[in-house]
$ cat final22.pdb   # PDB, C-alpha atoms, pLDDT in the B column
ATOM      1  CA  MET A   2     164.725 153.734-240.482  1.00 62.00           C
ATOM      2  CA  ALA A   3     167.537 154.860-238.146  1.00 69.00           C
ATOM      3  CA  GLU A   4     167.707 153.329-234.694  1.00 75.00           C
ATOM      4  CA  VAL A   5     167.662 155.726-231.741  1.00 72.00           C
ATOM      5  CA  VAL A   6     170.482 155.161-229.266  1.00 76.00           C
ATOM      6  CA  ILE A   7     169.845 156.167-225.656  1.00 80.00           C
ATOM      7  CA  VAL A   8     173.043 157.109-223.858  1.00 81.00           C
ATOM      8  CA  PRO A   9     173.065 155.884-220.236  1.00 89.00           C
ATOM      9  CA  ARG A  10     172.459 158.604-217.631  1.00 93.00           C
ATOM     10  CA  ASN A  11     175.943 158.545-216.103  1.00 93.00           C
ATOM     11  CA  PHE A  12     177.704 158.693-219.493  1.00 94.00           C
ATOM     12  CA  ARG A  13     175.505 161.608-220.454  1.00 94.00           C
ATOM     13  CA  LEU A  14     176.242 163.450-217.190  1.00 96.00           C
ATOM     14  CA  LEU A  15     179.980 162.756-217.467  1.00 95.00           C
ATOM     15  CA  ASP A  16     179.881 164.382-220.910  1.00 94.00           C
ATOM     16  CA  GLU A  17     178.022 167.381-219.466  1.00 95.00           C
ATOM     17  CA  LEU A  18     180.540 167.605-216.619  1.00 95.00           C
ATOM     18  CA  ASP A  19     183.417 167.592-219.104  1.00 93.00           C
ATOM     19  CA  LYS A  20     181.831 170.423-221.096  1.00 92.00           C
ATOM     20  CA  GLY A  21     181.022 172.377-217.949  1.00 89.00           C
ATOM     21  CA  GLU A  22     184.589 172.122-216.652  1.00 84.00           C
ATOM     22  CA  LYS A  23     186.198 173.038-219.985  1.00 82.00           C
ATOM     23  CA  GLY A  24     183.862 175.943-220.577  1.00 78.00           C
ATOM     24  CA  PHE A  25     181.718 176.617-223.600  1.00 77.00           C
ATOM     25  CA  GLY A  26     180.039 179.448-225.437  1.00 80.00           C
ATOM     26  CA  ASP A  27     180.576 182.989-224.225  1.00 84.00           C
ATOM     27  CA  GLY A  28     181.083 182.008-220.566  1.00 88.00           C
ATOM     28  CA  SER A  29     177.802 183.568-219.414  1.00 92.00           C
ATOM     29  CA  VAL A  30     176.765 180.287-217.772  1.00 94.00           C
ATOM     30  CA  SER A  31     178.858 177.612-216.089  1.00 94.00           C
ATOM     31  CA  TYR A  32     178.277 174.535-213.947  1.00 96.00           C
ATOM     32  CA  GLY A  33     179.979 171.643-212.182  1.00 96.00           C
ATOM     33  CA  LEU A  34     179.546 169.104-209.412  1.00 97.00           C
ATOM     34  CA  ILE A  35     179.241 170.415-205.864  1.00 96.00           C
ATOM     35  CA  GLU A  36     181.295 167.475-204.559  1.00 96.00           C
ATOM     36  CA  PRO A  37     183.940 166.125-206.977  1.00 92.00           C
ATOM     37  CA  ASP A  38     183.476 162.590-205.593  1.00 93.00           C
ATOM     38  CA  ASP A  39     179.693 162.519-206.206  1.00 95.00           C
ATOM     39  CA  ILE A  40     179.632 159.197-208.081  1.00 93.00           C
ATOM     40  CA  LEU A  41     175.888 159.530-208.717  1.00 95.00           C
ATOM     41  CA  LEU A  42     176.499 162.874-210.488  1.00 97.00           C
ATOM     42  CA  ARG A  43     173.463 164.227-208.691  1.00 97.00           C
ATOM     43  CA  ASN A  44     174.238 167.578-207.041  1.00 98.00           C
ATOM     44  CA  TRP A  45     175.528 170.432-209.171  1.00 98.00           C
ATOM     45  CA  ASN A  46     176.122 174.129-208.820  1.00 97.00           C
ATOM     46  CA  GLY A  47     175.555 176.619-211.578  1.00 96.00           C
ATOM     47  CA  THR A  48     176.512 180.203-212.235  1.00 96.00           C
ATOM     48  CA  ILE A  49     174.803 182.743-214.446  1.00 96.00           C
ATOM     49  CA  LEU A  50     176.285 186.129-215.329  1.00 95.00           C
ATOM     50  CA  GLY A  51     173.540 188.748-215.461  1.00 94.00           C
ATOM     51  CA  ALA A  52     172.278 189.605-218.929  1.00 89.00           C
ATOM     52  CA  PRO A  53     173.742 192.793-220.419  1.00 90.00           C
ATOM     53  CA  ARG A  54     171.682 195.984-220.569  1.00 91.00           C
ATOM     54  CA  THR A  55     169.343 194.730-217.841  1.00 94.00           C
ATOM     55  CA  PRO A  56     169.144 195.341-214.067  1.00 93.00           C
ATOM     56  CA  PHE A  57     170.966 191.981-213.731  1.00 95.00           C
ATOM     57  CA  GLU A  58     174.097 193.121-215.596  1.00 94.00           C
ATOM     58  CA  ASN A  59     177.390 192.843-213.655  1.00 92.00           C
ATOM     59  CA  ASN A  60     175.844 190.438-211.136  1.00 95.00           C
ATOM     60  CA  ILE A  61     176.721 186.794-210.619  1.00 96.00           C
ATOM     61  CA  PHE A  62     173.899 184.425-209.707  1.00 97.00           C
ATOM     62  CA  SER A  63     174.495 181.058-208.019  1.00 98.00           C
ATOM     63  CA  LEU A  64     172.132 178.112-208.435  1.00 98.00           C
ATOM     64  CA  GLN A  65     171.794 174.549-207.186  1.00 98.00           C
ATOM     65  CA  ILE A  66     170.864 171.848-209.680  1.00 98.00           C
ATOM     66  CA  VAL A  67     169.713 168.327-208.797  1.00 98.00           C
ATOM     67  CA  CYS A  68     169.860 165.664-211.495  1.00 98.00           C
ATOM     68  CA  ASP A  69     168.001 162.791-209.897  1.00 97.00           C
ATOM     69  CA  GLU A  70     167.576 159.318-211.386  1.00 96.00           C
ATOM     70  CA  THR A  71     164.945 160.623-213.857  1.00 96.00           C
ATOM     71  CA  TYR A  72     167.406 162.991-215.581  1.00 97.00           C
ATOM     72  CA  PRO A  73     167.778 163.431-218.579  1.00 95.00           C
ATOM     73  CA  THR A  74     164.380 161.897-219.348  1.00 95.00           C
ATOM     74  CA  ALA A  75     162.917 164.590-217.051  1.00 97.00           C
ATOM     75  CA  PRO A  76     164.427 168.025-216.347  1.00 98.00           C
ATOM     76  CA  PRO A  77     166.632 168.683-213.329  1.00 98.00           C
ATOM     77  CA  ARG A  78     165.361 170.541-210.271  1.00 98.00           C
ATOM     78  CA  VAL A  79     166.877 174.016-210.181  1.00 98.00           C
ATOM     79  CA  ARG A  80     166.848 176.711-207.546  1.00 98.00           C
ATOM     80  CA  PHE A  81     168.630 179.987-207.071  1.00 98.00           C
ATOM     81  CA  VAL A  82     170.923 180.461-204.093  1.00 98.00           C
ATOM     82  CA  THR A  83     171.389 184.146-204.922  1.00 98.00           C
ATOM     83  CA  LYS A  84     168.165 186.040-204.338  1.00 98.00           C
ATOM     84  CA  VAL A  85     166.600 187.244-207.586  1.00 98.00           C
ATOM     85  CA  ASN A  86     163.142 188.346-208.638  1.00 97.00           C
ATOM     86  CA  LEU A  87     162.076 186.624-211.888  1.00 98.00           C
ATOM     87  CA  THR A  88     158.585 185.495-212.877  1.00 97.00           C
ATOM     88  CA  CYS A  89     159.824 181.879-213.135  1.00 98.00           C
ATOM     89  CA  VAL A  90     161.288 181.806-209.599  1.00 98.00           C
ATOM     90  CA  ASP A  91     159.370 180.969-206.414  1.00 98.00           C
ATOM     91  CA  GLN A  92     160.153 183.939-204.181  1.00 97.00           C
ATOM     92  CA  LYS A  93     160.012 181.880-200.972  1.00 97.00           C
ATOM     93  CA  THR A  94     162.315 179.030-201.989  1.00 98.00           C
ATOM     94  CA  GLY A  95     164.289 180.242-205.013  1.00 98.00           C
ATOM     95  CA  GLU A  96     163.096 177.207-206.988  1.00 98.00           C
ATOM     96  CA  ILE A  97     162.384 177.469-210.691  1.00 98.00           C
ATOM     97  CA  ILE A  98     158.660 177.052-211.302  1.00 98.00           C
ATOM     98  CA  PRO A  99     158.551 174.417-214.054  1.00 97.00           C
ATOM     99  CA  SER A 100     155.266 175.690-215.522  1.00 97.00           C
ATOM    100  CA  LYS A 101     156.840 179.123-216.048  1.00 97.00           C
ATOM    101  CA  LEU A 102     159.994 178.061-217.919  1.00 97.00           C
ATOM    102  CA  ALA A 103     159.470 177.002-221.532  1.00 96.00           C
ATOM    103  CA  ILE A 104     162.333 174.491-221.669  1.00 98.00           C
ATOM    104  CA  PHE A 105     160.729 172.527-218.830  1.00 98.00           C
ATOM    105  CA  GLN A 106     157.392 172.559-220.645  1.00 96.00           C
ATOM    106  CA  ARG A 107     158.892 171.137-223.841  1.00 97.00           C
ATOM    107  CA  TRP A 108     161.621 169.018-222.239  1.00 97.00           C
ATOM    108  CA  LYS A 109     163.510 166.657-224.553  1.00 95.00           C
ATOM    109  CA  TYR A 110     166.062 164.003-223.685  1.00 93.00           C
ATOM    110  CA  ASP A 111     168.690 166.004-225.598  1.00 93.00           C
ATOM    111  CA  ASN A 112     168.303 169.113-223.418  1.00 97.00           C
ATOM    112  CA  THR A 113     171.208 169.778-221.058  1.00 96.00           C
ATOM    113  CA  ILE A 114     172.078 171.652-217.876  1.00 97.00           C
ATOM    114  CA  ALA A 115     173.669 174.307-220.085  1.00 96.00           C
ATOM    115  CA  ASP A 116     170.401 174.696-222.017  1.00 97.00           C
ATOM    116  CA  VAL A 117     168.488 175.207-218.771  1.00 97.00           C
ATOM    117  CA  LEU A 118     170.923 177.820-217.434  1.00 97.00           C
ATOM    118  CA  THR A 119     170.973 179.622-220.785  1.00 96.00           C
ATOM    119  CA  GLU A 120     167.174 179.791-220.871  1.00 97.00           C
ATOM    120  CA  ILE A 121     167.055 181.109-217.295  1.00 97.00           C
ATOM    121  CA  ARG A 122     169.573 183.788-218.283  1.00 97.00           C
ATOM    122  CA  GLY A 123     167.337 184.657-221.226  1.00 96.00           C
ATOM    123  CA  GLN A 124     164.511 185.287-218.765  1.00 97.00           C
ATOM    124  CA  MET A 125     166.578 188.151-217.347  1.00 96.00           C
ATOM    125  CA  ALA A 126     166.339 189.996-220.669  1.00 94.00           C
ATOM    126  CA  LEU A 127     162.530 189.857-220.810  1.00 96.00           C
ATOM    127  CA  LYS A 128     160.801 193.195-220.291  1.00 94.00           C
ATOM    128  CA  GLU A 129     158.453 191.692-217.667  1.00 95.00           C
ATOM    129  CA  ASN A 130     161.455 190.675-215.547  1.00 96.00           C
ATOM    130  CA  SER A 131     163.626 193.742-216.086  1.00 91.00           C
ATOM    131  CA  LYS A 132     160.857 195.887-214.541  1.00 93.00           C
ATOM    132  CA  LEU A 133     160.625 193.836-211.328  1.00 95.00           C
ATOM    133  CA  PRO A 134     162.242 195.249-208.167  1.00 95.00           C
ATOM    134  CA  GLN A 135     165.346 193.256-207.268  1.00 95.00           C
ATOM    135  CA  PRO A 136     166.578 192.226-203.799  1.00 95.00           C
ATOM    136  CA  ALA A 137     169.656 193.824-202.319  1.00 93.00           C
ATOM    137  CA  GLU A 138     172.897 192.553-203.844  1.00 89.00           C
ATOM    138  CA  GLY A 139     174.454 189.677-201.903  1.00 90.00           C
ATOM    139  CA  THR A 140     171.216 188.361-200.395  1.00 96.00           C
ATOM    140  CA  THR A 141     170.376 184.662-200.639  1.00 97.00           C
ATOM    141  CA  PHE A 142     167.304 182.446-200.449  1.00 96.00           C
ATOM    142  CA  PHE A 143     168.862 180.225-197.764  1.00 85.00           C
TER     143      PHE A 143
END
$ encode --input "final22.pdb" --output "structure tokens"
Amino acid sequence: MAEVVIVPRNFRLLDELDKGEKGFGDGSVSYGLIEPDDILLRNWNGTILGAPRTPFENNIFSLQIVCDETYPTAPPRVRFVTKVNLTCVDQKTGEIIPSKLAIFQRWKYDNTIADVLTEIRGQMALKENSKLPQPAEGTTFF
């Protein structure tokens, strides 16, 4: 039987930082540290480009991501800075509601910040979200 190797948190986050800085995929999501000298690799910012053929298209959404000491065993805390109306977002705080985002419900150690941002972007393409009224462009939660 193969032995499972658990990569230490900081090594894992350094790898994610490297991928986030170099870019990946189609560029629809990106992320990096808020402060380059954050040695705990705790506070991140994220960007999501609005999904095509939806009310979110041609908009850029900013998010804050906190990877506390439980990450990646537990998911990060994520909240929108840019105001957006999605069923998985608390409309008072901009925080992602963990019970309303599938990746948080089935969280695995191998999931990444990129996976979270990609799933949030996928929420924008859902019919239930594309019908919701959206806040004025440029408004923020805080």
$ resolve_selection --input "final22.pdb" --expression "the PyMOL selection byres ((chain A and resi 46) around 6)" --output "ChimeraX atom specification"
/A:32-33,35,45,47,64-66
$ resolve_selection --input "final22.pdb" --expression "the PyMOL selection byres ((chain A and resi 85) around 12)" --output "mmCIF file with C-alpha atoms, in the frame of the given file"
data_model
loop_
_atom_site.group_PDB
_atom_site.id
_atom_site.type_symbol
_atom_site.label_atom_id
_atom_site.label_comp_id
_atom_site.auth_asym_id
_atom_site.auth_seq_id
_atom_site.Cartn_x
_atom_site.Cartn_y
_atom_site.Cartn_z
ATOM 1 C CA ILE A 49 174.803 182.743 -214.446
ATOM 2 C CA GLY A 51 173.540 188.748 -215.461
ATOM 3 C CA PRO A 56 169.144 195.341 -214.067
ATOM 4 C CA PHE A 57 170.966 191.981 -213.731
ATOM 5 C CA ASN A 60 175.844 190.438 -211.136
ATOM 6 C CA ILE A 61 176.721 186.794 -210.619
ATOM 7 C CA PHE A 62 173.899 184.425 -209.707
ATOM 8 C CA SER A 63 174.495 181.058 -208.019
ATOM 9 C CA LEU A 64 172.132 178.112 -208.435
ATOM 10 C CA ARG A 80 166.848 176.711 -207.546
ATOM 11 C CA PHE A 81 168.630 179.987 -207.071
ATOM 12 C CA VAL A 82 170.923 180.461 -204.093
ATOM 13 C CA THR A 83 171.389 184.146 -204.922
ATOM 14 C CA LYS A 84 168.165 186.040 -204.338
ATOM 15 C CA ASN A 86 163.142 188.346 -208.638
ATOM 16 C CA LEU A 87 162.076 186.624 -211.888
ATOM 17 C CA THR A 88 158.585 185.495 -212.877
ATOM 18 C CA CYS A 89 159.824 181.879 -213.135
ATOM 19 C CA VAL A 90 161.288 181.806 -209.599
ATOM 20 C CA ASP A 91 159.370 180.969 -206.414
ATOM 21 C CA GLN A 92 160.153 183.939 -204.181
ATOM 22 C CA LYS A 93 160.012 181.880 -200.972
ATOM 23 C CA THR A 94 162.315 179.030 -201.989
ATOM 24 C CA GLY A 95 164.289 180.242 -205.013
ATOM 25 C CA GLU A 96 163.096 177.207 -206.988
ATOM 26 C CA ILE A 97 162.384 177.469 -210.691
ATOM 27 C CA ILE A 121 167.055 181.109 -217.295
ATOM 28 C CA ARG A 122 169.573 183.788 -218.283
ATOM 29 C CA GLN A 124 164.511 185.287 -218.765
ATOM 30 C CA MET A 125 166.578 188.151 -217.347
ATOM 31 C CA ASN A 130 161.455 190.675 -215.547
ATOM 32 C CA SER A 131 163.626 193.742 -216.086
ATOM 33 C CA LEU A 133 160.625 193.836 -211.328
ATOM 34 C CA PRO A 134 162.242 195.249 -208.167
ATOM 35 C CA GLN A 135 165.346 193.256 -207.268
ATOM 36 C CA PRO A 136 166.578 192.226 -203.799
ATOM 37 C CA ALA A 137 169.656 193.824 -202.319
ATOM 38 C CA GLU A 138 172.897 192.553 -203.844
ATOM 39 C CA GLY A 139 174.454 189.677 -201.903
ATOM 40 C CA THR A 140 171.216 188.361 -200.395
ATOM 41 C CA THR A 141 170.376 184.662 -200.639
ATOM 42 C CA PHE A 142 167.304 182.446 -200.449
#
$ atom_distance --input "final22.pdb" --atom1 "atom CA of A:Pro77" --atom2 "atom CA of A:Ala52"
22.4 Å
$ axis_aligned_box --input "final22.pdb" --around "stretch 67-81 of chain A" --padding-each-side "4 Å" --output "lines of an AutoDock Vina configuration file"
center_x = 166.4
center_y = 169.7
center_z = -213.2
size_x = 14.9
size_y = 28.7
size_z = 20.3
$ resolve_selection --input "final22.pdb" --expression "the PyMOL selection byres ((chain A and resi 75) around 10)" --output "list in words"
Cys68, Asp69, Glu70, Thr71, Tyr72, Pro73, Thr74, Pro76, Pro77, Arg78, Phe105, Trp108, Lys109, Tyr110 and Asn112 of chain A
$ write_last_selection --input "final22.pdb" --atoms "C-alpha atoms" --output "mmCIF file, keeping the file's coordinate frame"
data_model
loop_
_atom_site.group_PDB
_atom_site.id
_atom_site.type_symbol
_atom_site.label_atom_id
_atom_site.label_comp_id
_atom_site.auth_asym_id
_atom_site.auth_seq_id
_atom_site.Cartn_x
_atom_site.Cartn_y
_atom_site.Cartn_z
ATOM 1 C CA CYS A 68 169.860 165.664 -211.495
ATOM 2 C CA ASP A 69 168.001 162.791 -209.897
ATOM 3 C CA GLU A 70 167.576 159.318 -211.386
ATOM 4 C CA THR A 71 164.945 160.623 -213.857
ATOM 5 C CA TYR A 72 167.406 162.991 -215.581
ATOM 6 C CA PRO A 73 167.778 163.431 -218.579
ATOM 7 C CA THR A 74 164.380 161.897 -219.348
ATOM 8 C CA PRO A 76 164.427 168.025 -216.347
ATOM 9 C CA PRO A 77 166.632 168.683 -213.329
ATOM 10 C CA ARG A 78 165.361 170.541 -210.271
ATOM 11 C CA PHE A 105 160.729 172.527 -218.830
ATOM 12 C CA TRP A 108 161.621 169.018 -222.239
ATOM 13 C CA LYS A 109 163.510 166.657 -224.553
ATOM 14 C CA TYR A 110 166.062 164.003 -223.685
ATOM 15 C CA ASN A 112 168.303 169.113 -223.418
#
$ closest_residue --input "final22.pdb" --among "A:Ile114, A:Glu17, A:Pro9, A:Glu120" --to "A:Leu102" --atoms "only C-alpha atoms"
A:Glu120
$ closest_residue --input "final22.pdb" --among "A:Ala103, A:Val67, A:Val5, A:Leu50" --to "A:Ser31" --atoms "only C-alpha atoms"
A:Leu50
$ atom_distance --input "final22.pdb" --atom1 "atom CA of A:Leu118" --atom2 "atom CA of A:Pro37"
20.4 Å
$ atom_distance --input "final22.pdb" --atom1 "atom CA of A:Glu58" --atom2 "atom CA of A:Arg107"
28.0 Å
$ closest_residue --input "final22.pdb" --among "A:Val79, A:Ala115, A:Val6, A:Ile104" --to "A:Leu18" --atoms "all atoms listed in the file"
A:Ala115
$ closest_residue --input "final22.pdb" --among "A:Asn11, A:Thr48, A:Thr55, A:Thr113" --to "A:Lys128" --atoms "all atoms listed in the file"
A:Thr55
$ closest_residue --input "final22.pdb" --among "A:Gln106, A:Gly24, A:Arg13, A:Ser29" --to "A:Leu42" --atoms "all atoms listed in the file"
A:Arg13
$ decode --input "final22.pdb" --residues "stretch 68-79 of chain A" --atoms "N, CA and C atoms" --output "PDB file, in the first residue's frame"
ATOM      1  N   CYS A  68      -5.965  32.262   4.779  1.00  0.00           N
ATOM      2  CA  CYS A  68      -5.523  30.882   4.976  1.00  0.00           C
ATOM      3  C   CYS A  68      -4.923  30.804   6.375  1.00  0.00           C
ATOM      4  N   ASP A  69      -5.762  30.482   7.346  1.00  0.00           N
ATOM      5  CA  ASP A  69      -5.252  30.409   8.712  1.00  0.00           C
ATOM      6  C   ASP A  69      -4.480  29.111   8.928  1.00  0.00           C
ATOM      7  N   GLU A  70      -4.137  28.831  10.171  1.00  0.00           N
ATOM      8  CA  GLU A  70      -3.285  27.668  10.468  1.00  0.00           C
ATOM      9  C   GLU A  70      -3.961  26.340  10.142  1.00  0.00           C
ATOM     10  N   THR A  71      -5.285  26.330   9.910  1.00  0.00           N
ATOM     11  CA  THR A  71      -5.975  25.076   9.584  1.00  0.00           C
ATOM     12  C   THR A  71      -5.924  24.746   8.089  1.00  0.00           C
ATOM     13  N   TYR A  72      -5.542  25.721   7.258  1.00  0.00           N
ATOM     14  CA  TYR A  72      -5.454  25.483   5.816  1.00  0.00           C
ATOM     15  C   TYR A  72      -4.177  24.707   5.503  1.00  0.00           C
ATOM     16  N   PRO A  73      -4.195  23.721   4.628  1.00  0.00           N
ATOM     17  CA  PRO A  73      -5.243  23.277   3.716  1.00  0.00           C
ATOM     18  C   PRO A  73      -6.092  22.119   4.235  1.00  0.00           C
ATOM     19  N   THR A  74      -5.969  21.778   5.503  1.00  0.00           N
ATOM     20  CA  THR A  74      -6.847  20.734   6.051  1.00  0.00           C
ATOM     21  C   THR A  74      -8.300  21.215   6.024  1.00  0.00           C
ATOM     22  N   ALA A  75      -8.510  22.495   6.282  1.00  0.00           N
ATOM     23  CA  ALA A  75      -9.832  23.128   6.211  1.00  0.00           C
ATOM     24  C   ALA A  75      -9.770  24.229   5.151  1.00  0.00           C
ATOM     25  N   PRO A  76     -10.900  24.585   4.563  1.00  0.00           N
ATOM     26  CA  PRO A  76     -10.883  25.614   3.511  1.00  0.00           C
ATOM     27  C   PRO A  76     -10.523  26.990   4.055  1.00  0.00           C
ATOM     28  N   PRO A  77     -10.077  27.868   3.161  1.00  0.00           N
ATOM     29  CA  PRO A  77      -9.799  29.251   3.580  1.00  0.00           C
ATOM     30  C   PRO A  77     -11.112  30.000   3.818  1.00  0.00           C
ATOM     31  N   ARG A  78     -11.014  31.129   4.506  1.00  0.00           N
ATOM     32  CA  ARG A  78     -12.161  32.038   4.615  1.00  0.00           C
ATOM     33  C   ARG A  78     -12.066  33.002   3.434  1.00  0.00           C
ATOM     34  N   VAL A  79     -13.181  33.207   2.769  1.00  0.00           N
ATOM     35  CA  VAL A  79     -13.190  34.025   1.554  1.00  0.00           C
ATOM     36  C   VAL A  79     -14.322  35.028   1.644  1.00  0.00           C
TER      37      VAL A  79
END
